[in-house]
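Student: This is entry-v6.txt (compact mmCIF, C-alpha atoms).
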# COMPACT_ATOMS: atom_id res chain seq x y z
CA MET A 9 0.00 0.00 0.00
CA GLU A 10 2.79 2.36 0.98
CA ASN A 11 4.49 1.85 -2.35
CA GLU A 12 1.37 2.92 -4.19
CA GLU A 13 1.25 6.21 -2.34
CA THR A 14 4.92 7.06 -2.88
CA PRO A 15 5.37 8.67 -6.31
CA LYS A 16 7.88 6.80 -8.45
CA LEU A 17 10.95 8.90 -9.06
CA SER A 18 12.98 8.67 -12.21
CA PHE A 19 16.62 7.80 -12.03
CA ALA A 20 17.73 11.42 -12.48
CA GLU A 21 15.25 12.62 -9.86
CA ARG A 22 16.62 10.14 -7.35
CA MET A 23 20.14 11.29 -8.18
CA LYS A 24 19.05 14.90 -7.73
CA GLN A 25 17.45 14.08 -4.38
CA LYS A 26 20.63 12.38 -3.18
CA ALA A 27 22.80 15.27 -4.35
CA MET A 28 20.61 17.72 -2.47
CA GLN A 29 20.45 15.66 0.72
CA GLN A 30 24.16 14.99 0.98
CA LYS A 31 25.88 17.11 3.59
CA ASN A 32 28.61 19.42 2.40
CA TYR A 33 32.12 18.58 3.41
CA GLY A 34 33.78 21.43 5.28
CA HIS A 35 31.51 24.22 6.43
CA GLU A 36 27.97 25.17 5.64
CA LEU A 37 26.98 28.32 3.82
CA GLU A 38 26.74 31.40 6.00
CA LYS A 39 23.04 32.13 6.47
CA PRO A 40 22.00 34.84 6.25
CA GLU A 41 24.82 36.14 4.08
CA GLN A 42 27.29 38.13 6.07
CA ALA A 43 27.50 41.77 4.99
CA ALA A 44 30.76 43.68 4.68
CA GLY A 45 31.82 45.54 7.80
CA VAL A 46 34.60 47.09 9.82
CA ALA A 47 35.57 46.39 13.42
CA ALA A 48 38.56 47.14 15.60
CA ARG A 49 39.90 44.98 18.36
CA ASP A 50 40.99 46.89 21.41
CA CYS A 51 43.27 45.34 24.00
CA PRO A 52 41.08 43.35 26.42
CA ASN A 53 43.71 43.95 29.12
CA CYS A 54 44.13 47.75 29.07
CA GLY A 55 41.63 48.95 26.43
CA ALA A 56 44.21 50.50 24.10
CA PRO A 57 43.57 50.27 20.34
CA ARG A 58 46.09 48.78 17.96
CA ALA A 59 47.94 51.36 15.88
CA GLN A 60 49.77 50.56 12.66
CA GLN A 61 53.22 51.56 13.87
CA ASP A 62 52.96 49.27 16.90
CA GLY A 63 52.32 46.13 14.88
CA LEU A 64 49.49 43.64 15.07
CA THR A 65 50.70 40.94 17.39
CA LYS A 66 51.11 42.69 20.77
CA CYS A 67 49.59 45.59 22.68
CA ALA A 68 52.04 48.49 22.62
CA TYR A 69 51.08 49.54 26.15
CA CYS A 70 50.71 46.41 28.26
CA GLY A 71 52.27 43.74 26.01
CA PHE A 72 49.07 41.66 25.71
CA GLU A 73 49.46 39.09 22.95
CA PHE A 74 46.79 39.53 20.26
CA ILE A 75 48.31 36.96 17.92
CA GLN A 76 50.53 34.19 19.21
CA THR A 77 52.20 33.22 15.96
CA THR A 78 54.93 35.15 14.17
CA LEU A 79 53.52 36.71 11.01
CA SER A 80 55.17 36.01 7.67
CA ASP A 81 54.62 37.67 4.28
CA GLY A 82 51.17 36.98 2.92
CA MET A 83 48.73 38.66 0.57
CA TYR A 84 47.90 41.58 2.84
CA ILE A 85 50.00 40.92 5.93
CA ARG A 86 53.76 41.47 5.96
CA LYS A 87 56.56 40.42 8.26
CA GLU A 88 56.83 44.07 9.32
CA ASP A 89 53.37 43.77 10.93
CA ASN A 90 54.87 41.83 13.85
CA SER A 91 55.09 44.00 16.97
CA ARG A 92 58.65 44.82 17.89
CA GLN A 93 58.51 44.42 21.64
CA MET B 16 50.04 -43.16 -50.34
CA PHE B 17 46.42 -44.06 -50.92
CA ASN B 18 45.15 -40.91 -49.28
CA LEU B 19 42.49 -42.94 -47.44
CA PHE B 20 41.89 -40.67 -44.44
CA SER B 21 42.36 -37.14 -45.80
CA GLY B 22 38.74 -36.94 -46.94
CA ASN B 23 37.49 -37.37 -43.39
CA LYS B 24 40.03 -34.85 -42.14
CA ASN B 25 38.95 -32.22 -44.65
CA LYS B 26 35.33 -32.83 -43.85
CA GLN B 27 35.99 -32.46 -40.15
CA GLN B 28 37.94 -29.22 -40.75
CA SER B 29 35.20 -27.82 -42.90
CA GLU B 30 32.57 -28.65 -40.24
CA GLU B 31 34.67 -26.99 -37.57
CA LEU B 32 35.11 -23.91 -39.75
CA SER B 33 31.43 -23.70 -40.47
CA SER B 34 30.49 -24.03 -36.79
CA MET B 35 33.06 -21.36 -35.88
CA GLN B 36 31.70 -19.00 -38.53
CA GLN B 37 28.17 -19.52 -37.27
CA GLU B 38 29.23 -18.82 -33.71
CA LEU B 39 31.14 -15.68 -34.74
CA ALA B 40 28.27 -14.37 -36.84
CA ALA B 41 25.88 -14.86 -33.93
CA ILE B 42 28.24 -13.09 -31.51
CA GLU B 43 28.76 -10.23 -33.97
CA GLN B 44 25.03 -9.75 -34.40
CA ARG B 45 24.49 -9.80 -30.62
CA TRP B 46 27.39 -7.38 -30.19
CA TYR B 47 25.88 -4.76 -32.52
CA THR B 48 22.48 -5.08 -30.84
CA PHE B 49 24.13 -4.77 -27.42
CA LEU B 50 26.03 -1.64 -28.49
CA SER B 51 22.92 0.00 -29.85
CA LYS B 52 20.91 -0.75 -26.67
CA LEU B 53 23.72 0.51 -24.51
CA GLU B 54 23.88 3.72 -26.53
CA GLU B 55 20.15 4.22 -25.99
CA LYS B 56 20.73 3.90 -22.24
CA TYR B 57 23.65 6.34 -22.51
CA ASP B 58 21.46 8.86 -24.35
CA GLU B 59 18.76 8.50 -21.70
CA VAL B 60 21.20 9.45 -18.94
CA LEU B 61 22.46 12.41 -20.96
CA THR B 62 18.95 13.65 -21.70
CA ALA B 63 18.05 13.42 -18.01
CA PHE B 64 21.24 15.31 -17.13
CA GLU B 65 20.49 18.09 -19.61
CA ALA B 66 16.95 18.39 -18.30
CA GLU B 67 17.77 18.47 -14.59
CA ALA B 68 21.20 20.10 -14.33
CA PRO B 69 20.29 23.76 -15.07
CA SER B 70 17.49 23.80 -12.49
CA ILE B 71 19.73 22.20 -9.86
CA TYR B 72 22.35 24.85 -10.55
CA GLU B 73 19.78 27.59 -10.20
CA GLN B 74 18.34 26.23 -6.96
CA ASP B 75 21.74 25.57 -5.40
CA GLU B 76 22.34 28.22 -2.76
CA ASP B 77 25.87 27.08 -2.04
CA TYR B 78 28.47 29.56 -3.32
CA ALA B 79 30.61 26.76 -4.71
CA LYS B 80 27.55 25.05 -6.24
CA ARG B 81 28.46 21.81 -4.55
CA THR B 82 25.03 20.22 -5.02
CA TYR B 83 25.25 20.78 -8.76
CA HIS B 84 28.75 19.30 -8.89
CA ARG B 85 27.63 16.27 -6.87
CA PHE B 86 24.77 15.70 -9.30
CA LYS B 87 27.06 16.14 -12.28
CA SER B 88 29.62 13.75 -10.92
CA GLY B 89 26.91 11.19 -10.08
CA MET B 90 25.54 11.31 -13.61
CA ASP B 91 29.04 11.14 -15.04
CA GLY B 92 29.63 8.07 -12.88
CA GLN B 93 26.60 6.44 -14.53
CA LEU B 94 28.04 7.18 -17.96
CA THR B 95 31.39 5.73 -16.92
CA ALA B 96 29.63 2.60 -15.63
CA ILE B 97 27.91 2.14 -19.01
CA ARG B 98 31.22 2.58 -20.82
CA LYS B 99 32.87 0.11 -18.44
CA LYS B 100 30.13 -2.43 -19.09
CA MET B 101 30.73 -2.09 -22.82
CA GLN B 102 34.49 -2.54 -22.37
CA ASP B 103 34.05 -5.59 -20.13
CA THR B 104 31.69 -7.19 -22.61
CA ALA B 105 34.12 -6.49 -25.46
CA GLU B 106 36.83 -8.22 -23.47
CA VAL B 107 34.78 -11.33 -22.74
CA GLN B 108 32.75 -11.66 -25.94
CA ILE B 109 35.10 -10.33 -28.60
CA ARG B 110 38.70 -10.52 -27.45
CA ASN B 111 38.36 -13.81 -25.59
CA THR B 112 36.51 -15.41 -28.51
CA TYR B 113 39.20 -14.18 -30.88
CA ARG B 114 41.91 -15.66 -28.67
CA LYS B 115 40.06 -18.97 -28.61
CA TYR B 116 40.00 -19.23 -32.41
CA ASP B 117 43.22 -17.41 -33.19
CA THR B 118 45.26 -20.37 -34.37
CA ALA B 119 47.55 -18.38 -36.64
CA SER B 120 46.09 -20.30 -39.54
CA TYR B 121 44.32 -19.07 -42.67
CA ASN B 122 40.96 -19.21 -40.93
CA SER B 123 41.94 -16.94 -38.03
CA PRO B 124 38.95 -14.59 -37.43
CA TYR B 125 41.14 -11.52 -37.78
CA GLU B 126 38.70 -9.50 -39.85
CA TRP B 127 35.82 -10.45 -37.59
CA ARG B 128 37.72 -9.13 -34.58
CA ASN B 129 38.61 -5.90 -36.39
CA ARG B 130 35.00 -5.29 -37.40
CA CYS B 131 33.77 -5.79 -33.84
CA LEU B 132 36.50 -3.69 -32.25
CA ASP B 133 36.01 -0.93 -34.82
CA ALA B 134 32.38 -0.82 -33.74
CA GLU B 135 33.57 -0.56 -30.12
CA HIS B 136 35.94 2.26 -31.02
CA GLN B 137 33.27 4.16 -32.94
CA TRP B 138 30.82 3.67 -30.07
CA GLU B 139 33.32 5.19 -27.65
CA GLU B 140 34.07 8.13 -29.93
CA ARG B 141 30.40 8.80 -30.57
CA THR B 142 29.35 8.62 -26.92
CA ASN B 143 32.32 10.69 -25.76
CA ALA B 144 31.39 13.41 -28.24
CA LYS B 145 27.77 13.31 -27.05
CA ARG B 146 28.89 13.53 -23.43
CA ASP B 147 31.20 16.48 -24.11
CA ALA B 148 28.48 18.28 -26.07
CA ALA B 149 25.86 17.76 -23.34
CA PHE B 150 28.21 18.88 -20.58
CA ALA B 151 29.34 21.90 -22.63
CA LYS B 152 25.72 22.90 -23.24
CA VAL B 153 24.92 22.92 -19.53
CA GLU B 154 28.28 24.47 -18.60
CA GLN B 155 27.65 27.26 -21.09
CA ALA B 156 24.59 28.35 -19.12
CA VAL B 157 26.56 27.94 -15.91
CA SER B 158 29.47 30.04 -17.25
CA GLU B 159 27.19 32.88 -18.27
CA ASP B 160 26.04 32.96 -14.69
CA LEU B 161 29.66 33.50 -13.56
CA GLU B 162 29.81 36.81 -15.44
CA VAL B 163 26.63 37.92 -13.68
CA GLN B 164 28.05 36.94 -10.29
CA TYR B 165 31.27 38.83 -11.04
CA ALA B 166 29.35 41.95 -12.11
CA ASN B 167 27.33 41.75 -8.87
CA ILE B 168 30.51 41.56 -6.81
CA LEU B 169 31.95 44.64 -8.55
CA ALA B 170 28.69 46.50 -7.99
CA THR B 171 28.70 45.59 -4.30
CA TYR B 172 32.30 46.77 -3.98
CA GLU B 173 31.39 50.13 -5.57
CA GLN B 174 28.60 50.49 -3.04
CA ILE B 175 30.64 49.73 0.06
CA LYS B 176 34.09 51.15 -0.72
CA ASN B 177 33.37 54.59 0.80
CA LYS B 178 30.83 53.48 3.36
CA PHE B 179 33.01 52.77 6.40
CA THR B 180 34.51 54.89 9.13
CA CYS B 181 37.17 54.19 11.73
CA THR B 182 35.69 52.53 14.81
CA GLN B 183 38.13 54.48 17.02
CA CYS B 184 37.93 58.09 15.76
CA GLY B 185 35.18 58.10 13.11
CA CYS B 186 37.45 59.22 10.28
CA LYS B 187 36.42 58.04 6.84
CA LEU B 188 38.10 54.82 5.69
CA THR B 189 38.71 54.12 2.03
CA ILE B 190 38.64 50.53 0.87
CA ASP B 191 41.16 51.15 -1.88
CA ARG B 192 40.79 47.82 -3.68
CA LEU B 193 38.66 44.75 -3.89
CA TYR B 194 39.76 42.81 -0.80
CA PHE B 195 38.23 39.35 -0.94
CA ILE B 196 39.50 38.18 2.46
CA SER B 197 39.53 39.94 5.83
CA THR B 198 42.27 42.52 6.08
CA TYR B 199 43.49 45.37 8.23
CA ILE B 200 42.67 48.89 7.07
CA THR B 201 44.70 51.58 8.76
CA CYS B 202 42.86 54.74 9.76
CA PRO B 203 44.57 57.73 8.05
CA ALA B 204 43.91 59.93 11.11
CA CYS B 205 44.60 57.82 14.21
CA ASN B 206 46.45 54.89 12.65
CA THR B 207 44.16 52.33 14.29
CA GLN B 208 44.13 48.94 12.62
CA ASN B 209 40.52 48.36 11.61
CA THR B 210 39.61 44.86 10.53
CA PHE B 211 37.71 44.92 7.27
CA GLU B 212 35.42 41.99 6.60
CA PRO B 213 34.42 41.87 2.91
CA GLY B 214 31.23 39.85 3.41
CA THR B 215 30.03 36.56 1.98
CA GLN B 216 29.40 37.76 -1.57
CA ILE B 217 32.82 39.34 -2.14
CA ARG B 218 34.54 36.38 -0.50
CA THR B 219 33.33 34.14 -3.32
CA LEU B 220 35.51 36.08 -5.78
CA GLU B 221 38.48 33.87 -4.98
CA TRP B 222 36.57 30.75 -6.09
CA LEU B 223 34.98 32.49 -9.03
CA ALA B 224 38.24 33.69 -10.59
CA ARG B 225 39.44 30.47 -12.20
CA PRO B 226 36.18 29.22 -13.73
CA LEU B 227 35.50 32.72 -14.99
CA ALA B 228 38.98 33.02 -16.50
CA GLU B 229 38.56 29.58 -18.09
CA HIS B 230 35.24 30.63 -19.53
CA ARG B 231 36.75 33.80 -20.99
CA THR B 232 39.62 31.92 -22.62
CA LYS B 233 37.57 28.95 -23.77
CA HIS B 234 38.24 29.73 -27.45
CA LEU B 235 41.99 29.35 -26.82
CA TYR B 236 41.45 26.09 -25.00
CA GLU B 237 39.48 24.77 -27.96
CA GLN B 238 42.25 25.91 -30.28
CA TYR B 239 44.75 24.01 -28.12
CA GLN B 240 42.59 20.89 -28.16
CA GLN B 241 42.56 20.95 -31.95
CA HIS B 242 46.36 20.81 -31.88
CA VAL B 243 46.82 17.99 -29.39
CA TYR B 244 49.20 15.58 -31.12
CA ASN B 245 47.67 12.16 -31.64
CA GLY B 246 49.95 10.99 -34.42
CA ARG B 247 52.59 8.31 -34.63
CA HIS B 248 55.34 8.16 -32.05
CA ASP B 249 57.85 6.37 -34.24
CA ASP B 250 58.10 9.23 -36.75
CA ARG B 251 60.45 11.34 -34.68
CA VAL B 252 60.33 14.52 -36.77
CA ALA B 253 56.54 14.57 -36.97
CA TYR B 254 56.30 13.70 -33.30
CA ARG B 255 58.62 16.52 -32.24
CA GLN B 256 56.90 19.06 -34.47
CA GLY B 257 53.46 17.93 -33.32
CA LYS B 258 54.42 18.12 -29.67
CA GLU B 259 56.04 21.54 -30.10
CA ALA B 260 52.88 22.91 -31.73
CA GLU B 261 50.76 21.36 -28.97
CA SER B 262 52.94 22.95 -26.26
CA MET B 263 52.82 26.32 -28.00
CA TYR B 264 49.03 26.36 -28.08
CA TYR B 265 48.81 25.13 -24.51
CA GLU B 266 51.16 27.86 -23.30
CA LYS B 267 49.19 30.46 -25.24
CA TYR B 268 45.95 29.32 -23.60
CA LEU B 269 47.44 29.00 -20.13
CA ARG B 270 49.09 32.43 -20.26
CA ALA B 271 45.84 34.07 -21.37
CA MET B 272 43.87 32.20 -18.71
CA PHE B 273 46.24 33.27 -15.93
CA ASP B 274 46.31 36.85 -17.22
CA GLU B 275 42.53 36.87 -16.88
CA MET B 276 42.81 35.43 -13.37
CA ASN B 277 45.34 38.13 -12.50
CA ASN B 278 42.94 40.76 -13.79
CA ILE B 279 40.11 39.41 -11.69
CA ILE B 280 42.16 39.00 -8.50
CA PRO B 281 45.36 41.07 -8.92
CA ASP B 282 46.29 40.50 -5.28
CA LYS B 283 46.92 36.83 -5.99
CA ARG B 284 49.27 37.51 -8.89
CA GLU B 285 52.29 36.11 -7.05
CA GLN B 286 50.54 32.85 -6.11
CA ASN B 287 48.95 32.61 -9.55
CA GLU B 288 52.34 32.85 -11.25
CA LEU B 289 53.67 29.94 -9.19
CA PHE B 290 50.58 27.96 -10.10
CA TYR B 291 51.09 28.86 -13.78
CA GLN B 292 54.70 27.68 -13.72
CA ARG B 293 53.68 24.38 -12.14
CA MET B 294 50.91 23.74 -14.64
CA LEU B 295 53.26 24.48 -17.51
CA ALA B 296 55.93 22.18 -16.09
CA ASP B 297 53.34 19.42 -15.58
CA HIS B 298 52.29 19.70 -19.21
CA LYS B 299 55.86 19.50 -20.50
CA ARG B 300 56.65 16.47 -18.37
Write out the structure in this file as structure tokens.

Tutor:
Amino acid sequence: MENEETPKLSFAERMKQKAMQQKNYGHELEKPEQAAGVAARDCPNCGAPRAQQDGLTKCAYCGFEFIQTTLSDGMYIRKEDNSRQ
Amino acid sequence: MFNLFSGNKNKQQSEELSSMQQELAAIEQRWYTFLSKLEEKYDEVLTAFEAEAPSIYEQDEDYAKRTYHRFKSGMDGQLTAIRKKMQDTAEVQIRNTYRKYDTASYNSPYEWRNRCLDAEHQWEERTNAKRDAAFAKVEQAVSEDLEVQYANILATYEQIKNKFTCTQCGCKLTIDRLYFISTYITCPACNTQNTFEPGTQIRTLEWLARPLAEHRTKHLYEQYQQHVYNGRHDDRVAYRQGKEAESMYYEKYLRAMFDEMNNIIPDKREQNELFYQRMLADHKR
């Protein structure tokens, strides 16, 4: 009885259904789409903002470590962006 | 001396030959019918693909169109399975039968084998051409969509490039180029490092660049394909000349394709050049 009620799908329709049900490897699509924006990260320790001349990795005032790795040359980030102190 | 037994021997040979010919004729007939039925099945899969693929592409909300690619690869798998079935049957029914009767004598079914394998070869060529044409037809619609997506990204960039201000002092920030990944924008007044997030739509530019560049240089790729050397390997001069021409057209296509990619995402020029060198080296290998 159940079979009679279920509409028979063609081969391509079954393939389509499978393709749509399969979970994506990696991450899912951001929903809703994230809009472009700007933010600044202040030091959570002393509240100071990060200025260009002080580098990106450490707070110039209290030494808080924003980024624990040493930066190397990339598309937009350069070695010079490491904080000196 | 009296030649008493040769009559029987000849008769036996002639019977054997006749039975072999009957068997081969029956196999050949079955083989052609099998190929034609298999081609019908092949066409069915292709027709279903052409009918369903564009709508799947349209409905797919994923930026990399992964559902569409899963569907495409599933359908392609079906086509490969049909081709494999044909090859397996050719091995068992044609090649094995030929080996059985190939006695290096005058009645070796050499021509029979050639006829059957020619049919196999023609079947493969025909179905491959059909497959390429069907995929190209769907991909054409898909590629046109890439141009639309790219135009939308450029329009979005134009809208947002002067929209932001520094979160620290409120000074106007200029997004001076099409950043497709998060980056730091320095405030011209207070030097604060603002993190710019380009948003989901602009982020897809990185994945769009290559298919779009390939689409724009498709005519050069087709030109290259026409010059792929398929001639004899033992004629050294012809082989060298053929391969040189093939490499020249490939390089021409690849250079144009990467130039397009560099135009679309100039910030990845350095990485693209390394990729170009590797692809060129792989082709020459």

Student: State, in Å with one decimal place, the distance from CA of Leu132 in chain B to CA of Tyr244 in chain B.

Tutor: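 Straight-line distance from CA of Leu132 in chain B to CA of Tyr244 in chain B works out to 23.1 Å.
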
Student: Compare A:Arg22, A:Lys31, A:Arg58, A:Arg92 by their minimum atom-to-atom distance to chain B, counting all atoms listed in the file, and give me the closest one.

Tutor: A:Arg58

Student: Only residues of chain A matter here; which ones have an atom within 9 Å of chain B, counting only C-alpha atoms? Give them as JSON, numbers by chain.

Tutor: {"A": [19, 20, 21, 23, 24, 25, 26, 27, 28, 29, 30, 32, 36, 37, 38, 41, 42, 43, 44, 45, 46, 47, 48, 49, 57, 58, 59, 60, 61, 63, 64, 83, 84, 85]}

Student: Could you check which residues have any atom within 12 Å of (46.5, 44.0, 30.3), counting all atoms listed in the file with coordinates taken straight from the file, and then list them as an MDAnalysis selection string?

Tutor: chainID A and resid 50:56 66:74

Student: Once you count all atoms listed in the file, which residues end up no further than 6 Å from (35.5, 36.6, -14.7) in the file's frame, shown as a list in words?

Tutor: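 Nearby residues: Glu162, Ala224, Leu227 and Ala228 of chain B.
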
Student: Which residues come within 12 Å of range 155-158 of chain B, counting only C-alpha atoms, excluding same-chain residues fewer than 2 positions away, as a count of residues only?

Tutor: 36

Student: Just the number, please: distance in Å from CA of Ser80 in chain A to CA of Asn287 in chain B, one decimal.

Tutor: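 So the two atoms, CA of Ser80 in chain A and CA of Asn287 in chain B, lie 18.6 Å apart.
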
Student: What separation in Å, quoted to one decimal, exists between CA of Ile97 in chain B and CA of Thr142 in chain B?

Tutor: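 We find that CA of Ile97 in chain B and CA of Thr142 in chain B lie 10.3 Å from each other.
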
Student: Using the file's own x, y and z axes, so that the box edges lie along x, y and z, what centre and edge lengths in Å (one decimal) does a box around every listed atom of range 45-49 of chain B get when 5 Å is added on each side? Give it as JSON.

Tutor:
{"center_x": 24.9, "center_y": -7.3, "center_z": -30.0, "size_x": 14.9, "size_y": 15.0, "size_z": 15.1}

Student: Please provide the set of residues having any atom within 9 Å of Met101 in chain B, restricted to all atoms listed in the file, with same-chain residues fewer than 6 positions apart removed, written as a list in words.

Tutor: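 Near Met101 in chain B, the qualifying residues are Phe49, Leu50, Leu53 and Glu135 of chain B.
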
Student: Write out as an MDAnalysis selection string the residues lying within 10 Å of Tyr291 in chain B, counting all atoms listed in the file and excluding same-chain residues fewer than 6 positions away.

Tutor: chainID B and resid 266 269:270 272:274 285 297

Student: When you get a chance, write out all heavy atoms for range 64-72 of chain A, as a PDB file, in the coordinates of the input.

Tutor:
ATOM      1  N   LEU A  64      50.797  44.285  14.836  1.00  0.00           N
ATOM      2  CA  LEU A  64      49.490  43.640  15.070  1.00  0.00           C
ATOM      3  C   LEU A  64      49.508  42.607  16.179  1.00  0.00           C
ATOM      4  O   LEU A  64      48.471  42.244  16.714  1.00  0.00           O
ATOM      5  CB  LEU A  64      49.048  42.922  13.789  1.00  0.00           C
ATOM      6  CG  LEU A  64      48.686  43.784  12.589  1.00  0.00           C
ATOM      7  CD1 LEU A  64      48.608  42.930  11.341  1.00  0.00           C
ATOM      8  CD2 LEU A  64      47.365  44.484  12.834  1.00  0.00           C
ATOM      9  N   THR A  65      50.674  42.129  16.533  1.00  0.00           N
ATOM     10  CA  THR A  65      50.700  40.940  17.390  1.00  0.00           C
ATOM     11  C   THR A  65      50.602  41.230  18.894  1.00  0.00           C
ATOM     12  O   THR A  65      50.092  40.409  19.640  1.00  0.00           O
ATOM     13  CB  THR A  65      51.964  40.102  17.119  1.00  0.00           C
ATOM     14  OG1 THR A  65      53.096  40.982  17.150  1.00  0.00           O
ATOM     15  CG2 THR A  65      51.901  39.433  15.756  1.00  0.00           C
ATOM     16  N   LYS A  66      51.118  42.413  19.313  1.00  0.00           N
ATOM     17  CA  LYS A  66      51.110  42.690  20.770  1.00  0.00           C
ATOM     18  C   LYS A  66      50.592  44.094  21.059  1.00  0.00           C
ATOM     19  O   LYS A  66      50.750  45.002  20.236  1.00  0.00           O
ATOM     20  CB  LYS A  66      52.516  42.550  21.330  1.00  0.00           C
ATOM     21  CG  LYS A  66      52.944  41.118  21.537  1.00  0.00           C
ATOM     22  CD  LYS A  66      54.348  41.059  22.076  1.00  0.00           C
ATOM     23  CE  LYS A  66      54.823  39.618  22.140  1.00  0.00           C
ATOM     24  NZ  LYS A  66      56.253  39.546  22.394  1.00  0.00           N
ATOM     25  N   CYS A  67      50.034  44.260  22.252  1.00  0.00           N
ATOM     26  CA  CYS A  67      49.590  45.590  22.680  1.00  0.00           C
ATOM     27  C   CYS A  67      50.828  46.439  23.001  1.00  0.00           C
ATOM     28  O   CYS A  67      51.737  45.982  23.714  1.00  0.00           O
ATOM     29  CB  CYS A  67      48.697  45.456  23.912  1.00  0.00           C
ATOM     30  SG  CYS A  67      48.252  47.057  24.625  1.00  0.00           S
ATOM     31  N   ALA A  68      50.858  47.644  22.456  1.00  0.00           N
ATOM     32  CA  ALA A  68      52.040  48.490  22.620  1.00  0.00           C
ATOM     33  C   ALA A  68      52.160  49.025  24.052  1.00  0.00           C
ATOM     34  O   ALA A  68      53.233  49.455  24.472  1.00  0.00           O
ATOM     35  CB  ALA A  68      51.959  49.654  21.642  1.00  0.00           C
ATOM     36  N   TYR A  69      51.061  48.942  24.792  1.00  0.00           N
ATOM     37  CA  TYR A  69      51.080  49.540  26.150  1.00  0.00           C
ATOM     38  C   TYR A  69      51.311  48.508  27.250  1.00  0.00           C
ATOM     39  O   TYR A  69      52.133  48.702  28.122  1.00  0.00           O
ATOM     40  CB  TYR A  69      49.753  50.285  26.384  1.00  0.00           C
ATOM     41  CG  TYR A  69      49.572  51.394  25.383  1.00  0.00           C
ATOM     42  CD1 TYR A  69      48.897  51.172  24.188  1.00  0.00           C
ATOM     43  CD2 TYR A  69      50.136  52.654  25.614  1.00  0.00           C
ATOM     44  CE1 TYR A  69      48.771  52.164  23.247  1.00  0.00           C
ATOM     45  CE2 TYR A  69      50.010  53.655  24.660  1.00  0.00           C
ATOM     46  CZ  TYR A  69      49.320  53.415  23.488  1.00  0.00           C
ATOM     47  OH  TYR A  69      49.207  54.395  22.553  1.00  0.00           O
ATOM     48  N   CYS A  70      50.556  47.376  27.160  1.00  0.00           N
ATOM     49  CA  CYS A  70      50.710  46.410  28.260  1.00  0.00           C
ATOM     50  C   CYS A  70      51.343  45.094  27.811  1.00  0.00           C
ATOM     51  O   CYS A  70      51.568  44.197  28.616  1.00  0.00           O
ATOM     52  CB  CYS A  70      49.364  46.162  28.936  1.00  0.00           C
ATOM     53  SG  CYS A  70      48.222  45.260  27.887  1.00  0.00           S
ATOM     54  N   GLY A  71      51.588  44.944  26.507  1.00  0.00           N
ATOM     55  CA  GLY A  71      52.270  43.740  26.010  1.00  0.00           C
ATOM     56  C   GLY A  71      51.335  42.551  25.792  1.00  0.00           C
ATOM     57  O   GLY A  71      51.774  41.445  25.495  1.00  0.00           O
ATOM     58  N   PHE A  72      50.024  42.765  25.936  1.00  0.00           N
ATOM     59  CA  PHE A  72      49.070  41.660  25.710  1.00  0.00           C
ATOM     60  C   PHE A  72      49.250  41.072  24.305  1.00  0.00           C
ATOM     61  O   PHE A  72      49.404  41.813  23.337  1.00  0.00           O
ATOM     62  CB  PHE A  72      47.628  42.169  25.889  1.00  0.00           C
ATOM     63  CG  PHE A  72      46.589  41.139  25.526  1.00  0.00           C
ATOM     64  CD1 PHE A  72      46.272  40.114  26.412  1.00  0.00           C
ATOM     65  CD2 PHE A  72      45.957  41.171  24.291  1.00  0.00           C
ATOM     66  CE1 PHE A  72      45.323  39.159  26.066  1.00  0.00           C
ATOM     67  CE2 PHE A  72      45.015  40.210  23.935  1.00  0.00           C
ATOM     68  CZ  PHE A  72      44.698  39.205  24.844  1.00  0.00           C
TER      69      PHE A  72
END
